[in-house]
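Student: Here it is, the structure in full.
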Amino acid sequence: MSYGDLMSMDLPEGLKLIDEEGKRLDGRRADELRPIKIEAGVLRRADGSAYVEMGKNKILAAVYGPRECHPRHLQDPTRAIVQCHYNMLSFSVDDRKRPGPDRRSVEISKIVGEALEYSIFLEQFPRTSIDVYIAVLQANAGTRCAGLTAASVAVADAGIPMRDLIPACAAGKVADTVVLDLNKEEDNFGDADVPLAYIPRTGEILLLQMDGHLTQAEFDRAIELAKGGCTTIYGLQQDALRRRYAFAGGDAQESEQEAGGNEA
Amino acid sequence: MEEKFVIPGEIVATAEEFVPGKGTYESDGKIVASEAGKLTLDVKSHTASVKPRNPVTEPKKKDKVLASITDVRSSMAICDILFIEGAARQITGDAEATLHVSSISSQYVETVGSAVRVGDVIRAEVTQSQPSTQLTTVSAHLGVVLAHCSRCKSVLQLKDKSLFCSECERYEKRKIADDYGAVSVS
Amino acid sequence: MSQRSPLSEVKKGHISTLLSKGKRSDGRNLDEMRPVSIIEGAIETAEGSARMKLGNTEVAVGIKMGVGEPFGDTPNKGVLTTNVELIPMAFEEFESGPPSPMAIELSRVVDRGIRESQMIDLEGLCIEPKKEVWVLYVDIYALDYDGNLFDASSIAAVAALKNTVVPAKRFGKGEDFQLPLRSMPISCTTVKIGDYLVLDPTLEEDEVSSARLTVATDENGDLRAMQKGGNGFFTYEEVKKAIQMSTEAGKAIREKL
């Protein structure tokens with residue numbers, strides 16, 4: 001059964017989102033994330049960038065700035081502003097999406113941008129704009145969370161002072177079971193979806209949405225699962241930034257420069 | 001002195017032992033990194049600081065910059081910094097800087113307009129970054145690196161150590177850098 | 001291109017000096033392309049796709065297909081739409097919003113390279129004459145910009161079309177089949193800096209150039225599309241030389257596809 005078939009009809013007769021052994025369609029247990037890959041510093045032109053694969057999601061994020069703020073009337077004399085643009089490429093979904101922003105992407109840009117704003121020391125760069133671009137190359141449910149995860153690594157890669165990295169992932173309810181990190185089929189045929197961004201060290205929740213139907217107890221369980229997912233993703237974000245150093249070899253170069261400076 | 005790489009959000013010390021320096025902040029009795037880079041815990045000054053690997057680009061004292069002249073006044077020229085030499089990225093925020101008449105040349109400069117004109121690109125050194133950015137072009141390697149003829153706007157060529165317009169067949173006066181016409185930007 | 005920033009004017013002196021010694025700032029010969037790397041079929045939601053790097057320029061191309069009505073004057077041919085998006089992720093001067101003249105020129109030049117070479121057998125995309133044909137969208141996104149999007153876009157588009165499978169089953173139109181292709185045009189671009197012609201310009205070379213010529217050639221070395229841009233001029237001899245450089249470079253790239 002291909003994705004297209006699943007997309008274009010109701011849940012097929014006999015197909016179970018969770019089987020007798022508690023396994024999901026893609027073989028995961030209820031509390032398991034999809035495979036995740038995070039890479040920092042993947043673009044040359046941008047000041048900072050990151051690439052995230054989360055299951056079948058493929059997402060690029062780029063950061064420019066802090067730089068002169070356009071349009072000028074948005075300028076804040078006391079701090080920087082974050083302008084976030086979430087963009088689904090036309091071929092990232094089964095039915096071609098017309099290029100350009102729609103209402104959904106404007107909303108996602110706003111809430112993701114607001115989460116990033118909290119994490120950045122904006123007051124250090126008055127009158128400037130920090131521009132964050134998220135491009136979804138391939139979508140498979142959970143792109144806002146994977147997009148925020150990528151954007152936060154890109155902000156760190158851009159050397160912009162920040163309180164902490166922001167990991168994000170969703171939990172939800174599928175076939176009467178609360179599960180972590182819904183994929184596309186589960187999102188389409190499931191009962192609820194709760195995207196969450198959460199900083200493990202501080203417990204701060206920076207993005208939270210919910211749609212569908214959950215009891216309060218199920219919501220608690222969903223948050224518990226999503227927090228666990230965020231903690232795992234947080235470690236992968238850190239690893240991505242550490243690997244970036246290993247390749248850059250910045251350590252040796254820097255100490256050379258310093259030695260030169262002392263002699264002069 | 002202890003050094004290691006840290007990531008934003010990483011706890012690097014306690015507030016009892018250290019005070020937060022550059023690239024760190026204090027939260028809940030802990031010193032936390034705010035930038036990705038090399039951590040220094042200076043036990044003498046009790047300061048924790050992080051030197052970022054990919055720092056944002058702000059003009060600092062002693063930086064060599066390329067700037068275009070946007071206005072010439074009686075005692076100074078107003079410039080827009082285009083580029084900081086050796087920096088990999090665009091300048092952060094406000095790029096405006098001033099070049100005072102006394103900082104143009106080691107020789108006497110009668111008027112600002114006899115050394116730089118609007119539209120020229122200069123190489124200069126930053127002498128002050130706060131509260132406003134001040135530049136100097138005193139030194140052989142500093143000064144105008146690109147100038148246009150004030151009549152026909154074509155690019156002036158170096159000829160007999162002066163600037164010459166081959167269209168209008170006339171010389172113009174500037175405080176030129178020693179590599180005028182062969183500047184490599186990096 | 002022809003926007004002149006003060007910085008690019010300063011660079012021009014240096015670039016010209018190097019060219020007079022037969023060199024370029026990245027060490028290439030004048031008729032040498034930057035390294036090309038192509039990943040085909042990386043995007044599963046597309047019917048065909050490619051991510052391509054040309055030096056530090058990077059693009060992603062995805063092909064999407066649907067069923068629609070043919071145009072009245074071509075009742076038995078599929079419909080081809082080519083679109084280049086210059087998203088601000090790729091470059092500080094790209095802006096979101098309606099496509100810029102640069103994006104539109106790029107889209108049209110890439111489209112011409114594919115359409116005029118009759119690369120795609122559009123008649124093979126007819127389902128029922130006058131009523132139903134396959135509609136093919138070639139969407140090209142610039143991800144990282146360091147000059148010469150013309151070649152990166154058109155070569156990546158060709159690579160993506162090559163691995164495109166028509167999703168007939170999904171639309172209830174029989175079995176899936178490989179997109180019917182005929183020839184493989186390759187576009188290569190030369191710009192003029194001072195009196196020199198250089199192939200595959202970087203952004204800084206692009207910015208100081210006076211004129212640009214994109215030439216699409218097929219496997220026989222025949223010409224399939226051309227576009228001159230920029231506010232400078234070429235002599236006829238320069239045009240011939242640019243064609244020769246593009247033909248040679250095109251051959252080498254075709255072997256990699």
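Going through the structure tokens in order, the chains are called A, B, and so on, while each chain numbers its residues from 1 and the ligands are numbered from 1 in the order shown.
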So which residues touch region 255-257 of chain C within 9 Å, counting only C-alpha atoms, skipping near sequence neighbours fewer than 6 positions away, as a list in words?
Tutor: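 Everything that qualifies: Val36, Ser37, Ile38, Ile155, Val158, Ala159 and Lys162 of chain C.
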Student: With C-alpha atoms retained, export the selected residues as an mmCIF file, in the first residue's frame.
Tutor:
```cif
data_model
loop_
_atom_site.group_PDB
_atom_site.id
_atom_site.type_symbol
_atom_site.label_atom_id
_atom_site.label_comp_id
_atom_site.auth_asym_id
_atom_site.auth_seq_id
_atom_site.Cartn_x
_atom_site.Cartn_y
_atom_site.Cartn_z
ATOM 1 C CA VAL C 36 28.868 19.425 -10.104
ATOM 2 C CA SER C 37 27.147 17.065 -7.686
ATOM 3 C CA ILE C 38 23.646 15.750 -8.242
ATOM 4 C CA ILE C 155 20.719 20.907 -15.355
ATOM 5 C CA VAL C 158 16.881 17.721 -16.629
ATOM 6 C CA ALA C 159 18.154 15.373 -13.904
ATOM 7 C CA LYS C 162 15.047 11.828 -16.038
#
```
Student: Within 10 Å of Ala156 (chain C), counting only C-alpha atoms, which residues show up once you throw out same-chain ones fewer than 2 positions away? Write them as a compact mmCIF listing (two decimals) with N, CA and C atoms, in the first residue's frame, please.
Tutor:
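Written output follows (out22.txt):
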```
# COMPACT_ATOMS: atom_id res chain seq x y z
N SER C 37 27.60 18.30 -8.35
CA SER C 37 27.15 17.07 -7.69
C SER C 37 25.63 17.03 -7.71
N ILE C 38 25.09 15.88 -8.07
CA ILE C 38 23.65 15.75 -8.24
C ILE C 38 23.15 14.55 -7.44
N ILE C 39 22.12 14.77 -6.64
CA ILE C 39 21.44 13.64 -5.98
C ILE C 39 20.07 13.53 -6.62
N GLU C 40 19.82 12.43 -7.31
CA GLU C 40 18.54 12.26 -8.00
C GLU C 40 17.55 11.53 -7.12
N SER C 49 12.80 14.10 -8.88
CA SER C 49 13.45 15.19 -8.14
C SER C 49 14.96 15.14 -8.30
N ALA C 50 15.59 16.25 -7.98
CA ALA C 50 17.05 16.30 -7.94
C ALA C 50 17.47 17.45 -7.04
N ARG C 51 18.53 17.20 -6.28
CA ARG C 51 19.21 18.30 -5.59
C ARG C 51 20.56 18.41 -6.23
N MET C 52 20.93 19.62 -6.57
CA MET C 52 22.17 19.78 -7.30
C MET C 52 23.00 20.91 -6.72
N LYS C 53 24.31 20.65 -6.64
CA LYS C 53 25.25 21.70 -6.27
C LYS C 53 26.14 22.00 -7.45
N LEU C 54 26.30 23.26 -7.73
CA LEU C 54 27.26 23.72 -8.73
C LEU C 54 28.18 24.65 -7.96
N GLU C 58 23.29 25.98 -4.86
CA GLU C 58 22.54 24.74 -4.69
C GLU C 58 21.06 24.97 -5.01
N VAL C 59 20.46 24.03 -5.74
CA VAL C 59 19.03 24.10 -6.04
C VAL C 59 18.37 22.76 -5.74
N ALA C 60 17.06 22.81 -5.50
CA ALA C 60 16.26 21.59 -5.39
C ALA C 60 15.16 21.68 -6.44
N VAL C 61 14.99 20.61 -7.19
CA VAL C 61 13.96 20.56 -8.22
C VAL C 61 13.03 19.39 -7.93
N GLY C 62 11.73 19.67 -7.99
CA GLY C 62 10.75 18.60 -7.83
C GLY C 62 9.76 18.66 -8.99
N ILE C 140 11.48 24.71 -9.33
CA ILE C 140 12.91 24.82 -9.01
C ILE C 140 13.08 25.83 -7.88
N ASP C 151 22.40 27.66 -15.09
CA ASP C 151 22.86 26.30 -15.37
C ASP C 151 22.44 25.34 -14.26
N ALA C 152 22.57 25.78 -13.01
CA ALA C 152 22.18 24.90 -11.90
C ALA C 152 20.71 24.50 -12.06
N SER C 153 19.86 25.49 -12.38
CA SER C 153 18.42 25.21 -12.50
C SER C 153 18.13 24.28 -13.66
N SER C 154 18.71 24.57 -14.81
CA SER C 154 18.32 23.78 -15.98
C SER C 154 18.91 22.38 -15.93
N VAL C 158 16.70 18.87 -15.73
CA VAL C 158 16.88 17.72 -16.63
C VAL C 158 17.08 16.45 -15.80
N ALA C 159 17.90 16.54 -14.76
CA ALA C 159 18.15 15.37 -13.90
C ALA C 159 16.87 14.89 -13.24
N ALA C 160 16.03 15.85 -12.81
CA ALA C 160 14.77 15.47 -12.15
C ALA C 160 13.80 14.83 -13.14
N LEU C 161 13.73 15.38 -14.35
CA LEU C 161 12.82 14.82 -15.37
C LEU C 161 13.23 13.39 -15.71
N LYS C 162 14.54 13.16 -15.71
CA LYS C 162 15.05 11.83 -16.04
C LYS C 162 14.52 10.75 -15.08
N ILE C 186 21.56 20.41 -22.46
CA ILE C 186 22.30 20.93 -21.31
C ILE C 186 22.60 22.40 -21.56
N LEU C 257 25.12 12.63 -16.12
CA LEU C 257 23.68 12.47 -15.86
C LEU C 257 23.21 11.04 -16.14
```
Student: Tell me which protein, DNA and RNA residues are within 10 Å of Ile223 (chain A), counting only C-alpha atoms, leaving out same-chain ones fewer than 5 positions away, and put them as a PyMOL selection string.
Tutor: chain A and resi 170-172+178+180+194-196+198+208+218+228-229
Student: Let's have the selection written as a PDB file, in the first residue's frame, with N, CA and C atoms.
Tutor:
```
ATOM      1  N   ALA A 170       5.741  16.236  18.475  1.00  0.00           N
ATOM      2  CA  ALA A 170       4.326  16.119  18.794  1.00  0.00           C
ATOM      3  C   ALA A 170       4.033  14.782  19.458  1.00  0.00           C
ATOM      4  N   ALA A 171       2.940  14.763  20.196  1.00  0.00           N
ATOM      5  CA  ALA A 171       2.366  13.492  20.632  1.00  0.00           C
ATOM      6  C   ALA A 171       0.901  13.539  20.209  1.00  0.00           C
ATOM      7  N   GLY A 172       0.203  12.428  20.297  1.00  0.00           N
ATOM      8  CA  GLY A 172      -1.195  12.440  19.880  1.00  0.00           C
ATOM      9  C   GLY A 172      -1.877  11.155  20.258  1.00  0.00           C
ATOM     10  N   VAL A 178      -2.335   6.778  23.318  1.00  0.00           N
ATOM     11  CA  VAL A 178      -1.537   8.001  23.229  1.00  0.00           C
ATOM     12  C   VAL A 178      -0.154   7.611  22.711  1.00  0.00           C
ATOM     13  N   LEU A 180       3.698   8.878  20.562  1.00  0.00           N
ATOM     14  CA  LEU A 180       4.652   9.966  20.332  1.00  0.00           C
ATOM     15  C   LEU A 180       4.899  10.127  18.832  1.00  0.00           C
ATOM     16  N   VAL A 194      -0.807  16.866  19.398  1.00  0.00           N
ATOM     17  CA  VAL A 194      -0.350  17.894  20.339  1.00  0.00           C
ATOM     18  C   VAL A 194       1.115  18.240  20.064  1.00  0.00           C
ATOM     19  N   PRO A 195       1.390  19.217  19.206  1.00  0.00           N
ATOM     20  CA  PRO A 195       2.778  19.646  19.013  1.00  0.00           C
ATOM     21  C   PRO A 195       3.280  20.415  20.235  1.00  0.00           C
ATOM     22  N   LEU A 196       4.516  20.145  20.621  1.00  0.00           N
ATOM     23  CA  LEU A 196       5.064  20.759  21.831  1.00  0.00           C
ATOM     24  C   LEU A 196       6.522  21.129  21.611  1.00  0.00           C
ATOM     25  N   TYR A 198       9.695  22.375  24.082  1.00  0.00           N
ATOM     26  CA  TYR A 198       9.916  22.338  25.532  1.00  0.00           C
ATOM     27  C   TYR A 198      11.411  22.264  25.795  1.00  0.00           C
ATOM     28  N   LEU A 208       2.778  25.183  21.953  1.00  0.00           N
ATOM     29  CA  LEU A 208       1.800  24.155  22.335  1.00  0.00           C
ATOM     30  C   LEU A 208       0.538  24.370  21.525  1.00  0.00           C
ATOM     31  N   GLU A 218      -5.434  11.781  29.194  1.00  0.00           N
ATOM     32  CA  GLU A 218      -4.706  11.495  27.955  1.00  0.00           C
ATOM     33  C   GLU A 218      -3.792  12.656  27.589  1.00  0.00           C
ATOM     34  N   GLY A 228       9.488  13.721  26.717  1.00  0.00           N
ATOM     35  CA  GLY A 228      10.537  12.718  26.534  1.00  0.00           C
ATOM     36  C   GLY A 228      11.150  12.823  25.149  1.00  0.00           C
ATOM     37  N   GLY A 229      10.291  12.997  24.138  1.00  0.00           N
ATOM     38  CA  GLY A 229      10.774  13.160  22.764  1.00  0.00           C
ATOM     39  C   GLY A 229      11.658  14.382  22.638  1.00  0.00           C
TER      40      GLY A 229
END
```
Student: So that I can see what lies close to region 72-80 of chain A, please list as a PDB file with N, CA and C atoms, in the first residue's frame the residues with an atom at most 8 Å from it, counting only C-alpha atoms and leaving out residues fewer than 5 positions away in the same chain.
Tutor:
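The resulting file, result_12.pdb, is reproduced below:
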```pdb
ATOM      1  N   PRO A  66      21.893  39.057  13.080  1.00  0.00           N
ATOM      2  CA  PRO A  66      21.043  40.250  13.071  1.00  0.00           C
ATOM      3  C   PRO A  66      21.474  41.211  11.961  1.00  0.00           C
ATOM      4  N   LEU A 122      17.384  39.223  22.503  1.00  0.00           N
ATOM      5  CA  LEU A 122      17.055  40.226  21.483  1.00  0.00           C
ATOM      6  C   LEU A 122      17.592  41.605  21.833  1.00  0.00           C
ATOM      7  N   GLU A 123      17.668  41.909  23.144  1.00  0.00           N
ATOM      8  CA  GLU A 123      18.044  43.266  23.544  1.00  0.00           C
ATOM      9  C   GLU A 123      19.496  43.593  23.197  1.00  0.00           C
ATOM     10  N   GLN A 124      20.282  42.577  22.843  1.00  0.00           N
ATOM     11  CA  GLN A 124      21.682  42.841  22.466  1.00  0.00           C
ATOM     12  C   GLN A 124      21.807  43.435  21.066  1.00  0.00           C
ATOM     13  N   PHE A 125      20.721  43.402  20.286  1.00  0.00           N
ATOM     14  CA  PHE A 125      20.812  43.886  18.900  1.00  0.00           C
ATOM     15  C   PHE A 125      19.650  44.799  18.527  1.00  0.00           C
ATOM     16  N   PRO A 126      19.571  45.983  19.178  1.00  0.00           N
ATOM     17  CA  PRO A 126      18.443  46.864  18.899  1.00  0.00           C
ATOM     18  C   PRO A 126      18.369  47.253  17.417  1.00  0.00           C
ATOM     19  N   ARG A 127      17.156  47.476  16.969  1.00  0.00           N
ATOM     20  CA  ARG A 127      16.861  47.976  15.603  1.00  0.00           C
ATOM     21  C   ARG A 127      17.104  46.947  14.500  1.00  0.00           C
ATOM     22  N   THR A 128      17.562  45.740  14.845  1.00  0.00           N
ATOM     23  CA  THR A 128      17.873  44.783  13.778  1.00  0.00           C
ATOM     24  C   THR A 128      16.766  43.733  13.632  1.00  0.00           C
ATOM     25  N   SER A 129      16.919  42.944  12.588  1.00  0.00           N
ATOM     26  CA  SER A 129      16.004  41.840  12.355  1.00  0.00           C
ATOM     27  C   SER A 129      16.814  40.555  12.251  1.00  0.00           C
ATOM     28  N   ILE A 130      16.298  39.500  12.863  1.00  0.00           N
ATOM     29  CA  ILE A 130      16.877  38.166  12.697  1.00  0.00           C
ATOM     30  C   ILE A 130      15.890  37.397  11.829  1.00  0.00           C
TER      31      ILE A 130
END
```
Student: Mind listing as a ChimeraX atom specification which residues of chain B are within 12 Å of chain A, counting only C-alpha atoms?
Tutor: /B:3-11,22-28,30-39,50-58,87-96
Student: Where does DSSP see strand (DSSP E or B) in region 109-209 of chain C, if you list the residues as a PyMOL selection string?
Tutor: chain C and resi 120+126-128+132-144+165-166+177-178+181+186-193+196-199
Student: Restrict the selected residues to C-alpha atoms and save them as a PDB file, in the first residue's frame.
Tutor:
```
ATOM      1  CA  ILE C 120       9.757  15.616 -23.173  1.00  0.00           C
ATOM      2  CA  CYS C 126      -2.013  12.781 -23.813  1.00  0.00           C
ATOM      3  CA  ILE C 127      -4.704  10.734 -22.074  1.00  0.00           C
ATOM      4  CA  GLU C 128      -7.692  11.596 -24.296  1.00  0.00           C
ATOM      5  CA  GLU C 132      -7.464  15.003 -20.690  1.00  0.00           C
ATOM      6  CA  VAL C 133      -3.705  15.297 -20.638  1.00  0.00           C
ATOM      7  CA  TRP C 134      -0.986  15.080 -18.037  1.00  0.00           C
ATOM      8  CA  VAL C 135       0.035  18.417 -16.547  1.00  0.00           C
ATOM      9  CA  LEU C 136       3.663  18.595 -15.531  1.00  0.00           C
ATOM     10  CA  TYR C 137       5.038  21.124 -13.060  1.00  0.00           C
ATOM     11  CA  VAL C 138       8.785  21.642 -12.891  1.00  0.00           C
ATOM     12  CA  ASP C 139       9.389  23.591  -9.663  1.00  0.00           C
ATOM     13  CA  ILE C 140      12.908  24.820  -9.009  1.00  0.00           C
ATOM     14  CA  TYR C 141      13.978  26.325  -5.690  1.00  0.00           C
ATOM     15  CA  ALA C 142      17.262  28.129  -5.129  1.00  0.00           C
ATOM     16  CA  LEU C 143      18.587  27.057  -1.711  1.00  0.00           C
ATOM     17  CA  ASP C 144      22.089  28.565  -1.703  1.00  0.00           C
ATOM     18  CA  VAL C 165       7.568   8.412 -13.064  1.00  0.00           C
ATOM     19  CA  VAL C 166       4.076   9.403 -14.240  1.00  0.00           C
ATOM     20  CA  PHE C 177       5.213   4.724 -16.472  1.00  0.00           C
ATOM     21  CA  GLN C 178       8.533   6.469 -16.933  1.00  0.00           C
ATOM     22  CA  LEU C 181      11.988  11.644 -22.902  1.00  0.00           C
ATOM     23  CA  ILE C 186      22.298  20.927 -21.306  1.00  0.00           C
ATOM     24  CA  SER C 187      22.518  24.662 -20.673  1.00  0.00           C
ATOM     25  CA  CYS C 188      25.838  26.327 -19.996  1.00  0.00           C
ATOM     26  CA  THR C 189      26.342  30.005 -19.339  1.00  0.00           C
ATOM     27  CA  THR C 190      29.230  32.292 -20.173  1.00  0.00           C
ATOM     28  CA  VAL C 191      29.647  35.869 -18.986  1.00  0.00           C
ATOM     29  CA  LYS C 192      31.817  38.685 -20.253  1.00  0.00           C
ATOM     30  CA  ILE C 193      34.079  40.557 -17.831  1.00  0.00           C
ATOM     31  CA  TYR C 196      37.223  38.094 -21.221  1.00  0.00           C
ATOM     32  CA  LEU C 197      34.669  35.307 -21.479  1.00  0.00           C
ATOM     33  CA  VAL C 198      34.304  33.058 -18.450  1.00  0.00           C
ATOM     34  CA  LEU C 199      32.166  29.961 -18.088  1.00  0.00           C
TER      35      LEU C 199
END
```
Student: Using only C-alpha atoms, determine which residues of chain C fall within 8 Å of chain A; present them as a PyMOL selection string.
Tutor: chain C and resi 43-46+56+62-65+85+88-92+96-97+139+141+143-146+170
Student: With N, CA and C atoms retained, could you export that selection as a PDB file, in the first residue's frame?
Tutor:
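As written to disk, again_36.pdb reads:
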```pdb
ATOM      1  N   ILE C  43      13.548  13.272  -3.165  1.00  0.00           N
ATOM      2  CA  ILE C  43      12.296  13.736  -2.574  1.00  0.00           C
ATOM      3  C   ILE C  43      11.152  12.803  -2.970  1.00  0.00           C
ATOM      4  N   GLU C  44      10.688  12.036  -1.992  1.00  0.00           N
ATOM      5  CA  GLU C  44       9.714  10.973  -2.288  1.00  0.00           C
ATOM      6  C   GLU C  44       8.330  11.498  -2.614  1.00  0.00           C
ATOM      7  N   THR C  45       8.002  12.708  -2.136  1.00  0.00           N
ATOM      8  CA  THR C  45       6.664  13.243  -2.410  1.00  0.00           C
ATOM      9  C   THR C  45       6.554  13.780  -3.836  1.00  0.00           C
ATOM     10  N   ALA C  46       7.688  13.885  -4.529  1.00  0.00           N
ATOM     11  CA  ALA C  46       7.669  14.373  -5.911  1.00  0.00           C
ATOM     12  C   ALA C  46       7.679  13.187  -6.868  1.00  0.00           C
ATOM     13  N   ASN C  56      29.209  26.404  -4.908  1.00  0.00           N
ATOM     14  CA  ASN C  56      28.414  26.699  -3.719  1.00  0.00           C
ATOM     15  C   ASN C  56      26.981  27.097  -4.041  1.00  0.00           C
ATOM     16  N   GLY C  62      11.731  19.666  -7.986  1.00  0.00           N
ATOM     17  CA  GLY C  62      10.750  18.599  -7.835  1.00  0.00           C
ATOM     18  C   GLY C  62       9.764  18.657  -8.989  1.00  0.00           C
ATOM     19  N   ILE C  63       9.386  17.485  -9.480  1.00  0.00           N
ATOM     20  CA  ILE C  63       8.392  17.404 -10.552  1.00  0.00           C
ATOM     21  C   ILE C  63       7.085  16.900  -9.943  1.00  0.00           C
ATOM     22  N   LYS C  64       6.011  17.645 -10.144  1.00  0.00           N
ATOM     23  CA  LYS C  64       4.690  17.172  -9.723  1.00  0.00           C
ATOM     24  C   LYS C  64       3.818  17.043 -10.966  1.00  0.00           C
ATOM     25  N   MET C  65       2.932  16.039 -10.958  1.00  0.00           N
ATOM     26  CA  MET C  65       2.068  15.847 -12.113  1.00  0.00           C
ATOM     27  C   MET C  65       0.612  15.742 -11.693  1.00  0.00           C
ATOM     28  N   GLU C  85      11.725  29.536  -8.073  1.00  0.00           N
ATOM     29  CA  GLU C  85      11.471  30.327  -6.874  1.00  0.00           C
ATOM     30  C   GLU C  85      12.803  30.750  -6.268  1.00  0.00           C
ATOM     31  N   PRO C  88      14.230  33.624  -0.079  1.00  0.00           N
ATOM     32  CA  PRO C  88      15.228  34.424   0.643  1.00  0.00           C
ATOM     33  C   PRO C  88      16.223  33.589   1.441  1.00  0.00           C
ATOM     34  N   MET C  89      15.954  32.308   1.623  1.00  0.00           N
ATOM     35  CA  MET C  89      16.912  31.425   2.268  1.00  0.00           C
ATOM     36  C   MET C  89      18.244  31.414   1.520  1.00  0.00           C
ATOM     37  N   ALA C  90      18.180  31.566   0.194  1.00  0.00           N
ATOM     38  CA  ALA C  90      19.346  31.346  -0.650  1.00  0.00           C
ATOM     39  C   ALA C  90      20.307  32.530  -0.684  1.00  0.00           C
ATOM     40  N   PHE C  91      19.799  33.730  -0.403  1.00  0.00           N
ATOM     41  CA  PHE C  91      20.617  34.920  -0.634  1.00  0.00           C
ATOM     42  C   PHE C  91      19.980  36.112   0.070  1.00  0.00           C
ATOM     43  N   GLU C  92      20.818  36.976   0.654  1.00  0.00           N
ATOM     44  CA  GLU C  92      20.269  38.088   1.436  1.00  0.00           C
ATOM     45  C   GLU C  92      19.454  39.067   0.585  1.00  0.00           C
ATOM     46  N   SER C  96      10.822  37.531  -0.370  1.00  0.00           N
ATOM     47  CA  SER C  96       9.600  36.768  -0.595  1.00  0.00           C
ATOM     48  C   SER C  96       8.590  37.691  -1.278  1.00  0.00           C
ATOM     49  N   GLY C  97       7.553  37.109  -1.833  1.00  0.00           N
ATOM     50  CA  GLY C  97       6.574  37.909  -2.547  1.00  0.00           C
ATOM     51  C   GLY C  97       6.515  37.495  -3.996  1.00  0.00           C
ATOM     52  N   ASP C 139       9.185  22.525 -10.648  1.00  0.00           N
ATOM     53  CA  ASP C 139       9.389  23.591  -9.663  1.00  0.00           C
ATOM     54  C   ASP C 139      10.827  23.569  -9.173  1.00  0.00           C
ATOM     55  N   TYR C 141      13.727  25.419  -6.814  1.00  0.00           N
ATOM     56  CA  TYR C 141      13.978  26.325  -5.690  1.00  0.00           C
ATOM     57  C   TYR C 141      15.476  26.545  -5.522  1.00  0.00           C
ATOM     58  N   LEU C 143      18.380  27.229  -3.153  1.00  0.00           N
ATOM     59  CA  LEU C 143      18.587  27.057  -1.711  1.00  0.00           C
ATOM     60  C   LEU C 143      19.819  27.811  -1.226  1.00  0.00           C
ATOM     61  N   ASP C 144      20.821  27.941  -2.081  1.00  0.00           N
ATOM     62  CA  ASP C 144      22.089  28.565  -1.703  1.00  0.00           C
ATOM     63  C   ASP C 144      22.627  29.202  -2.978  1.00  0.00           C
ATOM     64  N   TYR C 145      22.866  30.522  -2.938  1.00  0.00           N
ATOM     65  CA  TYR C 145      23.156  31.235  -4.183  1.00  0.00           C
ATOM     66  C   TYR C 145      24.603  31.716  -4.241  1.00  0.00           C
ATOM     67  N   ASP C 146      25.350  31.191  -5.198  1.00  0.00           N
ATOM     68  CA  ASP C 146      26.668  31.736  -5.490  1.00  0.00           C
ATOM     69  C   ASP C 146      26.849  31.825  -7.010  1.00  0.00           C
ATOM     70  N   ARG C 170      -2.186   6.449  -9.280  1.00  0.00           N
ATOM     71  CA  ARG C 170      -2.797   7.307  -8.268  1.00  0.00           C
ATOM     72  C   ARG C 170      -4.006   8.064  -8.834  1.00  0.00           C
TER      73      ARG C 170
END
```
Student: Which one is closest to Asp195 (chain C): C:Val67, C:Ala211, C:Leu106, C:Ile87? Count only C-alpha atoms.
Tutor: C:Ala211
Student: Quick one: residues within 8 Å of Met76 (chain B), only C-alpha atoms, excluding same-chain residues fewer than 3 positions away - as number ranges by chain?
Tutor: B: 72-73, 98-101, 112
Student: Any chance you can output those residues with C-alpha atoms as a PDB file, in the first residue's frame?
Tutor:
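Output file again.pdb follows:
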```
ATOM      1  CA  VAL B  72      30.860  65.046   2.792  1.00  0.00           C
ATOM      2  CA  ARG B  73      30.559  67.825   5.372  1.00  0.00           C
ATOM      3  CA  THR B  98      32.279  58.895  10.394  1.00  0.00           C
ATOM      4  CA  LEU B  99      35.698  59.919   9.149  1.00  0.00           C
ATOM      5  CA  HIS B 100      36.854  63.175  10.771  1.00  0.00           C
ATOM      6  CA  VAL B 101      38.992  65.590   8.753  1.00  0.00           C
ATOM      7  CA  VAL B 112      37.308  66.891   3.413  1.00  0.00           C
TER       8      VAL B 112
END
```
Student: Dump as a list in words the residues of chain B that approach chain C to within 6 Å, counting only C-alpha atoms.
Tutor: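 Contact residues on the first chain: Gly181, Ala182, Val183 and Ser184 of chain B.
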Student: Excluding same-chain residues fewer than 2 positions from Thr177 (chain A), what lies within 12 Å of it counting only C-alpha atoms, as a ChimeraX atom specification?
Tutor: /A:17-19,22-24,29-31,171-175,179-180,182,186,190-193,214-215,217-219,221-222,225
Student: I'd like the interatomic distance between CA of Phe94 (chain C) and CA of His70 (chain A), to a tenth of an Å.
Tutor: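 Interatomic distance here is 12.5 Å.
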Student: Run DSSP on the backbone and give me the residues of region 56-248 of chain C it puts in alpha helix (DSSP H), as a PyMOL selection string.
Tutor: chain C and resi 101-115+149-162+203-208+236-248
